[in-house]
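Q: The structure's right below; bear with me while I get my questions together.
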Amino acid sequence: MKKTIIALDGHSSCGKSSTAKRVAKKLGYAFIDTGAMYRAVSLYFYDNHVTLTNPHEVEKALSEIRITFHFNENRGASDVFLNGLNVEDEIRKMYISQMVSEVSAITIVRKAMVAQQQKMAKHRGVVMDGRDIGTKVFPDAEIKVFMTADPTIRAERRQRELLEKGEMVDLNVILENIKKRDVIDSTREEGPLTKTKDAVLMDTSFMTLDEQVDFVVQLHDSVLAKR
Ligand code: DC
């Protein structure tokens with residue numbers, strides 16, 4: 001059966017990456033976490049004191065950034081590398097979450113990332129998660145899922161994830177960050193997060209990870225069966 005592209009868009013911390021990773025494994029597809037790319041750019045900007053409001057500095061920094069993915073057997077997914085350095089853990093920290101929406105709202109940053117994402121998925125079965133995959137990166141994707149969940153439930157999940165990695169963050173700080181990111185991600189000019197008519201809504205507030213994975217795999221199979 002010919003492979004296809006699955007676009008998983010939605011709000012922060014509603015399980016997109018966990019779902020995408022498992023769906024990709026079940027279907028033998030590649031998984032591309034586009035949020036990790038914006039996080040890696042944010043890390044570079046942070047480390048190099050790039051002024052976000054200075055287009056020349058941003059452009060110069062972008063020309064110095066090389067983002068690659070390399071499969072990590074232990075995680076069963078790809079780690080993101082920034083200029084050859086594995087930054088998978090660093091980019092998940094709270095200080096990156098606090099700046100990534102502002103970085104990803106910058107038009108030239110988006111243009112550079114979208115172009116790279118389109119190249120990466122051109123000839124293969126791919127599950128790509130992000131905010132603008134079904135609208136900008138692959139508007140012709142056959143399968144589009146728009147994921148959301150109650151903000152407090154998302155904050156609790158995120159807090160557990162951070163804790164597992166040894167970072168203790170107050171629930172309210174996480175909740176405020178999630179709400180702020182929802183607003184910035186949905187209202188920015190370039191590639192805002194929106195649900196297109198052809199995207200299927202999946203509210204994960206009361207779903208288990210297995211249920212989320214089954215939902216997407218079933219959707220995939222039913223779409224491919226109708227071809
Ligand atoms: O999925 P995530 O939380 O790791 O994404 C981090 C940020 O990157 C998120 O706040 C918005 C931005 N992002 C984006 O603008 N477009 C994408 N395709 C993916 C992420």
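Identifiers in the structure tokens: chain A, B, ... in order shown; residue index from 1 per chain; ligand index from 1 in order shown.
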Set the cut-off to 6 Å, count only C-alpha atoms and all ligand atoms, and list whatever residues fall near ligand 1 as JSON, numbers by chain.
A: {"A": [12, 34, 35, 36, 38, 39, 100, 101, 104, 130, 131, 132, 133, 181, 185]}
Q: Would you export the selected residues with N, CA, C and O atoms as a compact mmCIF listing (two decimals), in the first residue's frame, please?
A:
# COMPACT_ATOMS: atom_id res chain seq x y z
N SER A 12 -0.29 22.91 22.70
CA SER A 12 0.89 22.42 23.42
C SER A 12 0.49 21.37 24.45
O SER A 12 -0.56 21.49 25.08
N THR A 34 8.28 18.58 14.71
CA THR A 34 8.69 19.91 14.23
C THR A 34 8.86 20.91 15.38
O THR A 34 9.62 21.86 15.25
N GLY A 35 8.17 20.66 16.50
CA GLY A 35 8.36 21.53 17.67
C GLY A 35 9.81 21.49 18.14
O GLY A 35 10.36 22.50 18.58
N ALA A 36 10.43 20.31 18.02
CA ALA A 36 11.82 20.17 18.43
C ALA A 36 12.73 21.07 17.60
O ALA A 36 13.74 21.58 18.10
N TYR A 38 11.88 24.07 16.29
CA TYR A 38 11.74 25.45 16.80
C TYR A 38 12.41 25.58 18.17
O TYR A 38 12.95 26.63 18.51
N ARG A 39 12.39 24.50 18.94
CA ARG A 39 13.06 24.53 20.25
C ARG A 39 14.58 24.61 20.07
O ARG A 39 15.26 25.31 20.80
N VAL A 100 10.02 29.74 23.22
CA VAL A 100 9.86 29.12 21.89
C VAL A 100 8.70 29.68 21.07
O VAL A 100 8.80 29.80 19.85
N SER A 101 7.62 30.08 21.72
CA SER A 101 6.50 30.60 20.93
C SER A 101 6.86 31.93 20.28
O SER A 101 6.45 32.21 19.16
N SER A 104 9.18 31.08 17.38
CA SER A 104 8.50 30.43 16.26
C SER A 104 7.48 31.35 15.58
O SER A 104 6.91 30.99 14.56
N GLY A 130 2.99 19.17 14.87
CA GLY A 130 3.34 20.58 14.99
C GLY A 130 2.12 21.47 15.16
O GLY A 130 1.16 21.12 15.88
N ARG A 131 2.14 22.62 14.50
CA ARG A 131 1.03 23.57 14.59
C ARG A 131 0.46 23.92 13.22
O ARG A 131 -0.70 24.29 13.10
N ASP A 132 1.32 23.81 12.20
CA ASP A 132 0.94 24.29 10.86
C ASP A 132 1.16 23.21 9.81
O ASP A 132 1.32 23.51 8.64
N ILE A 133 1.20 21.95 10.23
CA ILE A 133 1.54 20.89 9.27
C ILE A 133 0.40 20.73 8.25
O ILE A 133 0.65 20.68 7.05
N ARG A 181 1.20 30.23 25.35
CA ARG A 181 1.63 29.65 24.07
C ARG A 181 0.44 29.42 23.15
O ARG A 181 0.53 29.63 21.95
N ASP A 185 0.56 31.02 19.58
CA ASP A 185 0.55 30.06 18.45
C ASP A 185 -0.68 30.24 17.55
O ASP A 185 -0.60 30.01 16.35
Q: Name all residues at most 9 Å from A:Glu189 (count only C-alpha atoms; drop same-chain ones fewer than 3 positions away) and give them as a list in words.
A: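 Counting only the stated atoms, we get Ala105, Thr107, Ser186 and Pro192 of chain A.
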Q: When you count only C-alpha atoms, which of these residues is closest to A:Ala61: A:Thr148, A:Thr135, A:Gln218, A:Asn48?
A: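 Under the stated criterion, the closest residue is A:Asn48.
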Q: For the atom pair atom CA of A:Lys136 and atom CA of A:Met37, what is the interatomic distance in Å to one decimal place?
A: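 Spanning atom CA of A:Lys136 to atom CA of A:Met37 is a straight-line distance of 15.8 Å.
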Q: Name the residues in contact with stretch 83-90 of chain A at a cut-off of 10 Å, using only C-alpha atoms, excluding same-chain residues fewer than 5 positions from it; report them as a PyMOL selection string.
A: chain A and resi 36+39-40+43-44+64-70+78+95-96+165
Q: Pick out the residues sitting within 9 Å of stretch 25-27 of chain A, and hand them over as a list in words; count only C-alpha atoms, and ignore anything fewer than 4 positions along from it in its own chain.
A: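 After dropping sequence-adjacent residues, the list is Ala20, Lys21, Phe31, Gly76, Ala77, Gly125, Val213 and Val217 of chain A.
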Q: Between atom CA of A:Gly10 and atom CA of A:Gly134, what is the spacing in Å?
A: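 Straight-line distance from atom CA of A:Gly134 to atom CA of A:Gly10 works out to 10.2 Å.
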Q: To test your reading of the structure, identify every residue in chain A that backbone DSSP assigns to helix (DSSP H, G or I), and report it as a count of residues only.
A: 116
Q: Within 7 Å of stretch 149-161 of chain A, counting only C-alpha atoms, which residues show up once you throw out same-chain ones fewer than 3 positions away? Write them as a list in words, please.
A: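 In the requested form, the answer reads Ser13, Cys14, Glu164, Lys165, Val169, Leu171, Ile174, Leu175, Asp203, Thr204 and Ser205 of chain A.
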Q: For the residues selected in the previous step, produce a file with N, CA and C atoms as a short mmCIF file (atom, residue, chain, number, x, y, z; two decimals), in the first residue's frame.
A:
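Listed below is the output, again-v5.cif:
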data_model
loop_
_atom_site.label_atom_id
_atom_site.label_comp_id
_atom_site.auth_asym_id
_atom_site.auth_seq_id
_atom_site.Cartn_x
_atom_site.Cartn_y
_atom_site.Cartn_z
N SER A 13 1.34 20.38 24.60
CA SER A 13 1.20 19.38 25.67
C SER A 13 -0.13 18.64 25.68
N CYS A 14 -0.64 18.30 24.50
CA CYS A 14 -1.85 17.47 24.53
C CYS A 14 -1.55 16.07 24.02
N GLU A 164 9.73 13.80 35.81
CA GLU A 164 10.46 12.57 35.45
C GLU A 164 11.88 12.89 34.99
N LYS A 165 12.05 14.10 34.45
CA LYS A 165 13.40 14.51 34.00
C LYS A 165 14.13 15.30 35.06
N VAL A 169 8.55 22.06 38.55
CA VAL A 169 8.01 23.39 38.19
C VAL A 169 6.59 23.50 38.73
N LEU A 171 2.75 24.11 39.17
CA LEU A 171 1.68 23.84 38.19
C LEU A 171 1.16 25.13 37.54
N ILE A 174 3.35 26.40 34.79
CA ILE A 174 3.18 25.60 33.56
C ILE A 174 1.87 25.97 32.87
N LEU A 175 0.80 26.09 33.68
CA LEU A 175 -0.52 26.41 33.13
C LEU A 175 -0.47 27.76 32.41
N ASP A 203 -9.99 15.24 21.01
CA ASP A 203 -9.81 15.84 22.34
C ASP A 203 -9.27 14.75 23.26
N THR A 204 -8.02 14.93 23.72
CA THR A 204 -7.36 13.85 24.46
C THR A 204 -7.52 13.96 25.98
N SER A 205 -8.37 14.91 26.43
CA SER A 205 -8.51 15.14 27.89
C SER A 205 -8.73 13.84 28.65
#
Q: Take atom CA of A:Val137 and atom CA of A:Met113 and report the distance between them in Å, one decimal.
A: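 Atom CA of A:Met113 lies at a distance of 9.4 Å from atom CA of A:Val137.
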Q: Pick out the closest residue to A:Glu176 from this set: A:Asn54, A:Ser97, A:Phe206, A:Lys197. Count only C-alpha atoms.
A: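 Among A:Asn54, A:Ser97, A:Phe206, A:Lys197, it is A:Ser97 that comes nearest to A:Glu176.
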Q: When DSSP works through the backbone of this structure, what residues of stretch 55-169 of chain A end up as strand (DSSP E), shown as a list in words?
A: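 Secondary structure check on stretch 55-169 of chain A, strand (DSSP E): Ile67, Thr68, Phe69, His70, Phe71, Asn72, Ala77, Ser78, Asp79, Val80, Phe81, Leu82, Leu85, Asn86, Val126, Val127, Met128, Asp129, Gly130, Ile143, Lys144, Val145, Phe146, Met147 and Thr148 of chain A.
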Q: Write the selection just made, keeping N, CA, C and O atoms, as a compact mmCIF listing (two decimals), in the first residue's frame?
A:
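To be explicit, this is the file written out as out32.txt:
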# COMPACT_ATOMS: atom_id res chain seq x y z
N ILE A 67 20.07 21.78 11.77
CA ILE A 67 19.28 20.87 12.62
C ILE A 67 19.16 19.53 11.93
O ILE A 67 18.77 19.45 10.76
N THR A 68 19.49 18.47 12.66
CA THR A 68 19.37 17.12 12.10
C THR A 68 18.72 16.21 13.14
O THR A 68 18.69 16.53 14.33
N PHE A 69 18.20 15.09 12.66
CA PHE A 69 17.61 14.09 13.57
C PHE A 69 18.39 12.78 13.42
O PHE A 69 18.73 12.39 12.31
N HIS A 70 18.66 12.13 14.56
CA HIS A 70 19.33 10.83 14.51
C HIS A 70 18.59 9.87 15.42
O HIS A 70 18.29 10.21 16.58
N PHE A 71 18.32 8.68 14.90
CA PHE A 71 17.52 7.73 15.65
C PHE A 71 18.22 7.27 16.92
O PHE A 71 19.40 6.95 16.92
N ASN A 72 17.48 7.28 18.04
CA ASN A 72 17.99 6.83 19.34
C ASN A 72 17.28 5.52 19.70
O ASN A 72 16.07 5.52 19.96
N ALA A 77 12.90 6.70 19.09
CA ALA A 77 12.55 7.88 18.29
C ALA A 77 13.84 8.65 18.01
O ALA A 77 14.89 8.35 18.58
N SER A 78 13.72 9.66 17.16
CA SER A 78 14.92 10.41 16.81
C SER A 78 15.19 11.53 17.81
O SER A 78 14.27 12.18 18.28
N ASP A 79 16.47 11.74 18.11
CA ASP A 79 16.90 12.88 18.92
C ASP A 79 17.23 14.02 17.98
O ASP A 79 17.69 13.80 16.86
N VAL A 80 17.02 15.23 18.47
CA VAL A 80 17.36 16.38 17.64
C VAL A 80 18.77 16.86 17.97
O VAL A 80 19.19 16.88 19.13
N PHE A 81 19.50 17.18 16.89
CA PHE A 81 20.88 17.66 17.02
C PHE A 81 20.97 19.08 16.49
O PHE A 81 20.40 19.39 15.44
N LEU A 82 21.68 19.92 17.23
CA LEU A 82 21.92 21.30 16.80
C LEU A 82 23.40 21.44 16.51
O LEU A 82 24.23 21.27 17.41
N LEU A 85 25.39 18.59 17.86
CA LEU A 85 25.32 18.29 19.29
C LEU A 85 23.91 17.82 19.66
O LEU A 85 22.92 18.46 19.25
N ASN A 86 23.83 16.72 20.43
CA ASN A 86 22.51 16.22 20.83
C ASN A 86 21.90 17.15 21.87
O ASN A 86 22.41 17.30 22.97
N VAL A 126 5.20 9.52 6.55
CA VAL A 126 5.66 10.36 7.64
C VAL A 126 4.51 10.74 8.56
O VAL A 126 3.41 11.03 8.11
N VAL A 127 4.79 10.74 9.86
CA VAL A 127 3.87 11.33 10.82
C VAL A 127 4.59 12.58 11.32
O VAL A 127 5.68 12.49 11.89
N MET A 128 4.00 13.74 11.06
CA MET A 128 4.65 14.99 11.44
C MET A 128 3.76 15.73 12.42
O MET A 128 2.58 15.92 12.16
N ASP A 129 4.31 16.11 13.57
CA ASP A 129 3.48 16.85 14.52
C ASP A 129 3.96 18.28 14.69
O ASP A 129 5.14 18.56 14.57
N GLY A 130 2.99 19.17 14.87
CA GLY A 130 3.34 20.58 14.99
C GLY A 130 2.12 21.47 15.16
O GLY A 130 1.16 21.12 15.88
N ILE A 143 -4.24 12.79 5.66
CA ILE A 143 -4.77 12.58 7.01
C ILE A 143 -4.35 13.74 7.90
O ILE A 143 -3.16 14.00 8.09
N LYS A 144 -5.35 14.43 8.42
CA LYS A 144 -5.08 15.56 9.31
C LYS A 144 -5.85 15.38 10.60
O LYS A 144 -7.07 15.15 10.57
N VAL A 145 -5.14 15.47 11.70
CA VAL A 145 -5.80 15.36 13.00
C VAL A 145 -5.48 16.63 13.78
O VAL A 145 -4.33 17.08 13.81
N PHE A 146 -6.50 17.21 14.38
CA PHE A 146 -6.30 18.39 15.22
C PHE A 146 -6.51 17.97 16.67
O PHE A 146 -7.59 17.58 17.06
N MET A 147 -5.42 18.05 17.45
CA MET A 147 -5.48 17.56 18.83
C MET A 147 -5.61 18.72 19.82
O MET A 147 -4.97 19.75 19.68
N THR A 148 -6.43 18.49 20.83
CA THR A 148 -6.55 19.46 21.91
C THR A 148 -6.83 18.72 23.21
O THR A 148 -7.04 17.51 23.21
